[in-house]
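A.B. asks: For reference, the structure I am asking about is given below.
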Amino acid sequence: MDPITQWYRRTVLRLVVLALLATACGRDHGTPHVRPLPKADNLPPLRGGAAPKSERIASYKIDARLDPTKHQVVATQTLRWKNTGTSAVDRLPFHLYLNAFKNESSLFMRSSRGKMRGAKATDTGWGWIQLESVQIGGAELASQLVYPGKPDESVVELPLATPIEAGATVEIHFKFTAQLPEVFARTGYKGEFHMVAQWFPKIGVRVGTPGAEQWECRPHHAFSEFFADFGTYDVSLTVPNTYVIAATGVLDSVTEAPGGTRTYVYKAEDVHDFVWMADPYMEVMTGSAKVEDGKVEVRVVYRPGQEAFAKRHLQAGIGAIEKFSAAYVPYPWPIMTVVDPPPDATAGAGGMEYPTLVTTAGDSVFTRPGIRLPEYVTVHEIGHNWFQGILASNEPLEAWLDEGVNDWADAKVMNELYGSRSSIVDWMDWHAEVVALRRAAAEPGALPSPVATAAFAFVDSAAYSDATYTRTMMALRTIENTAGAAKFAAAMKAYAQRFAFKHPTGRDLFDTLQSELGQDLSWFLDPAFQRASAVSYALRTAKCRKYHPPRGVFEVGGVRKTVTEAEAANTGSYVCEVVVTNTGVLHVPVEIELKFADGSSRRVKWDDRGNGAWERFEIERSSELTEVWIDPDNKVTLAAPTQYHYRLDGDGSASLRAAARMSAITQTLMQIVGL
Amino acid sequence: MASRLRLGDLFGAGVRAVSKYTGTVLAVFVVQSIVALGCMLGIAFLLAQEFSHLPMFDDAVDGDLVAMIWCFKSATSSFAAIGGLMFGAVLFWQLATWFLVGGLVGVFSQLPEGRGDTARCFGASGTATYLTYARLALCSLPGLVLALFAFGLGMTMIEDRIEHALTLPQLLGPIVLASLPALLLLHYFWTVSDYARIELTLRHESHDPSVVMTYLRTLIWVARRPVTLVHAGLGWIAFLAVSIAYVYLAQGHPMYGAEGAVTLFFVRQGVALLRMAIHVGVLGGQVELGRTRPLPPRRVEVKVDAKAS
């Protein structure tokens with residue numbers, strides 16, 4: 001056999017063996033081993049043992065045990081609820097969020113069609129929660145439970161024989177089993193990873209003016225997140241001793257328990273939710289953030305293969321805690337935990353906020369250092385600890401007040417942490433700033449619904465996310481640019497300080513902005529948030545003609561005189577005419593920059609509020625107009641700026657360069673398929 | 001005999017073919033350059049129509065990611081037209097290649113002397129075999145579909161791994177392994193097509209062999225001679241190496257203005273010429289090896305004289 005044939009056969013054989021090996025091998029994490037007994041945090045649930053920051057209306061004591069094989073949590077729960085309203089309550093509604101994943105008849109599954117944020121509900125991994133017992137004062141009431149939204153079972157109501165009077169407190173005892181779904185829509189398991197969220201019966205919130213309070217407790221919809229009263233949590237979690245646990249609050253104690261398990265006791269105060277993560281392979285990386293009245297420990301929980309990303313999350317997390325604390329109110333809790341889910345669980349569990357614990361995302365070979373998606377997700381989720389965790393607005397009704405305001409705030413933090421030129425992309429020769437990139441990537445055209453629309457009332461997820469996230473961020477950035485960054489930052493800080501732990505509404509934000517900025521902003525706020533509005537500037541005309549004094553027949557001192565071309569010759573200067581229009585419904589004062597052939601430029605201002613949809617500018621100048629630039633400082637970020645910068649004489653050199661590159665690609669393809 | 005020809009002989013034959021018929025290679029390259037230039041001007045026209053008044057496009061071409069997204073979103077139909085133009089150019093070149101390869105194989109096999117004879121030989125051979133090559137392309141379709149299927153299957157198998165890859169080895173390892181069967185199949189079928197073309201050209205006048213039978217015979221012939229695959233494979237590796245070297249060296253040398261575009265075009269033509277020389281060199285070696293194949297059975301046309309019966 002000749003050498004080439006021998007080499008050829010050997011190589012083919014090796015490739016086959018290699019392919020088989022590669023197919024057989026997955027990511028092997030080894031066998032879970034018993035973890036060293038962790039130490040308690042020895043920290044108070046509020047930093048420095050501070051006094052209560054909220055009314056603490058709903059407080060929970062839960063004793064839960066995880067069965068990692070069945071992916072089930074069996075628990076008992078005591079809820080202590082106080083009627084802080086002025087009217088009596090004759091029924092108690094509870095969220096049973098896990099029933100959103102029980103079957104395809106739930107509102108969540110109908111509104112999401114089983115898909116969410118790149119994750120899909122699986123046929124084998126349904127989730128549900130079953131209440132085995134509900135007792136008040138020793139009386140068993142489980143048989144009286146009603147599901148008002150049947151066939152949806154994500155809300156259950158308990159009618160009360162004896163109403164709870166205003167100012168009274170009631171204790172409700174539950175026994176329940178929570179079956180986690182295969183990870184989907186923020187909760188569930190994937191292999192041995194368990195993200196246990198929305199897992200316990202959670203009471204609704206009484207809202208409304210005194211005397212007219214009503215329950216706010218809606219079935220779980222794909223577009224809406226959560227709204228709950230603040231309280232305290234005292235939660236015991238019993239899990240196998242091979243598992244690492246991360247949870248809301250601080251670890252108060254941990255003890256060995258029978259059957260190779262351990263019991264972790266967590267305590268949290270002035271929070272409105274409790275979540276936890278259990279996984280046998282996770283490691284913990286810690287750092288410290290400095291805030292004005294102390295320090296916050298930042299922990300990133302990650303699997304070993306994700307260590308490089310964990311470092312990026314930790315750095316971003318520390319920066320976020322420091323910047324948000326300085327900009328709004330200091331982070332009130334002693335620990336912030338960032339869970340970095342395994343890659344195959346990220347779509348379902350990643351990128352979600354809870355008080356003191358968030359899950360992040362973005363770990364991928366494609367997010368090279370400099371492509372700051374992982375950092376951005378961490379900053380965004382930690383930012384929620386202010387807008388969702390501390391301010392805690394009603395997310396089903398006013399999602400924009402959390403998501404969109406947080407998006408606006410994240411962009412500032414990202415710019416401060418990574419530089420405003422390349423806060424989101426700084427990779428090879430590519431650079432991008434967060435707001436600019438988000439603005440460019442947003443859906444074009446007008447919204448089908450105003451920003452201030454209840455989350456569940458949007459036509460689809462694209463409309464929801466565009467209005468709630470991007471448009472809100474752009475609207476706030478536009479006000480900020482118009483009012484001045486420093487003044488606007490002070491106004492937002494005042495809003496955060498005034499309404500911390502008080503569930504503010506959109507009206508509270510608008511009123512604070514107007515009072516702090518000392519301006520009536522209704523001309524902007526109403527159309528930008530309450531209407532399906534858009535700004536749509538366009539350049540209609542831009543041209544110059546040579547200037548000469550007026551010619552024709554004139555009456556001068558009673559004498560008719562004809563001024564001829566010779567008498568009124570061209571002066572050598574130009575009269576340039578520029579017409580701009582705004583066909584949108586939102587009118588924002590804007591600057592227009594005019595550039596001339598001699599290198600000079602001039603800015604004119606156009607305030608189209610109440611002045612019609614167009615404006616004509618006529619300028620006499622010694623040289624011709626070469627460029628017109630509407631909004632040259634990019635202040636009106638609500639608009640799409642493609643046509644805003646216009647040069648009168650075309651220049652095809654960039655087109656030629658781009659074409660040279662594209663034709664080189666074409667030629668390479670030609671040479672691959674042909675000669 | 002075929003067994004006597006080694007890899008070195010094939011490369012030597014390739015180098016000789018390219019050096020002896022440099023003018024012919026250059027002429028073929030000029031045709032390709034004209035197609036590429038036409039494509040470039042067409043694209044430039046479409047882009048200029050859309051963007052010559054918008055400085056934002058200048059920023060996009062200079063690497064402003066955000067400007068690029070805006071420009072792309074605002075002119076999707078123009079970019080679709082550009083995609084069509086690029087696809088059209090590739091398709092046109094594929095059709096032209098049948099003629100050009102026919103011509104080159106004719107020249108390399110008949111070894112004409114002088115510019116006039118070479119041109120006549122090139123034209124005659126390219127014309128004579130054009131439709132035969134077209135039929136051969138149809139014959140090779142099932143093989144290409146099989147390679148495509150293998151590629152799709154491989155990619156489906158590693159979909160999750162790609163999605164969840166955290167490092168370059170985690171990404172590239174599975175991709176290389178999953179696409180390897182498809183690449184090997186593609187390489188095999190392309191090499192078969194190359195040798196079938198040569199066989200059809202060499203025997204065109206003397207034997208007029210059947211296209212289908214030639215293709216089927218070549219499937220076996222190539223499979224039994226690994227040197228054919230190694231030789232062509234090394235050609236592709238050289239092609240890839242030149243392309244990668246250019247991309248590496250071109251990094252950090254942006255060329256601005258219309259002059260930059262023209263300079264860029266000429267530099268890239270140099271790279272394309274080198275790659276074409278590699279292709280033609282491989283073809284020269286393949287012709288050398290193809291000549292050693294045993295003659296196919298002569299096709300005999302039987303005429304039945306009705307009157308005689």
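Following the order of the structure tokens, chains are lettered A, B, ..., residues in each are numbered from 1, and ligands are numbered from 1.
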Got a sec: who's within 12 Å of A:Thr472, counting only C-alpha atoms, leaving out chain neighbours fewer than 3 positions off, as a PyMOL selection string?

C.D. replies: chain A and resi 398-409+435+438-439+442+447+450-453+464-469+475-479+506+525+528-530+533+637-638

A.B. asks: Taking only C-alpha atoms into account, what are the residues of chain B at most 7 Å from chain A, put as a count of residues only?

C.D. replies: 41

A.B. asks: Can you list, as an MDAnalysis selection string, all residues belonging to stretch 231-328 of chain A that DSSP tags as helix (DSSP H, G or I)?

C.D. replies: chainID A and resid 304:327

A.B. asks: Give me, as an MDAnalysis selection string, all polymer residues having an atom no more than 9 Å from stretch 96-111 of chain A, counting only C-alpha atoms and skipping those fewer than 2 positions away in the same chain.

C.D. replies: chainID A and resid 94 113:115 121 125:130 149:156 178:181 184 187 197:202 219:223 456 460

A.B. asks: For the atom pair atom CA of A:Pro45 and atom CA of A:Ala268, what is the interatomic distance in Å to one decimal place?

C.D. replies: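 Distance between the two atoms: 5.1 Å.
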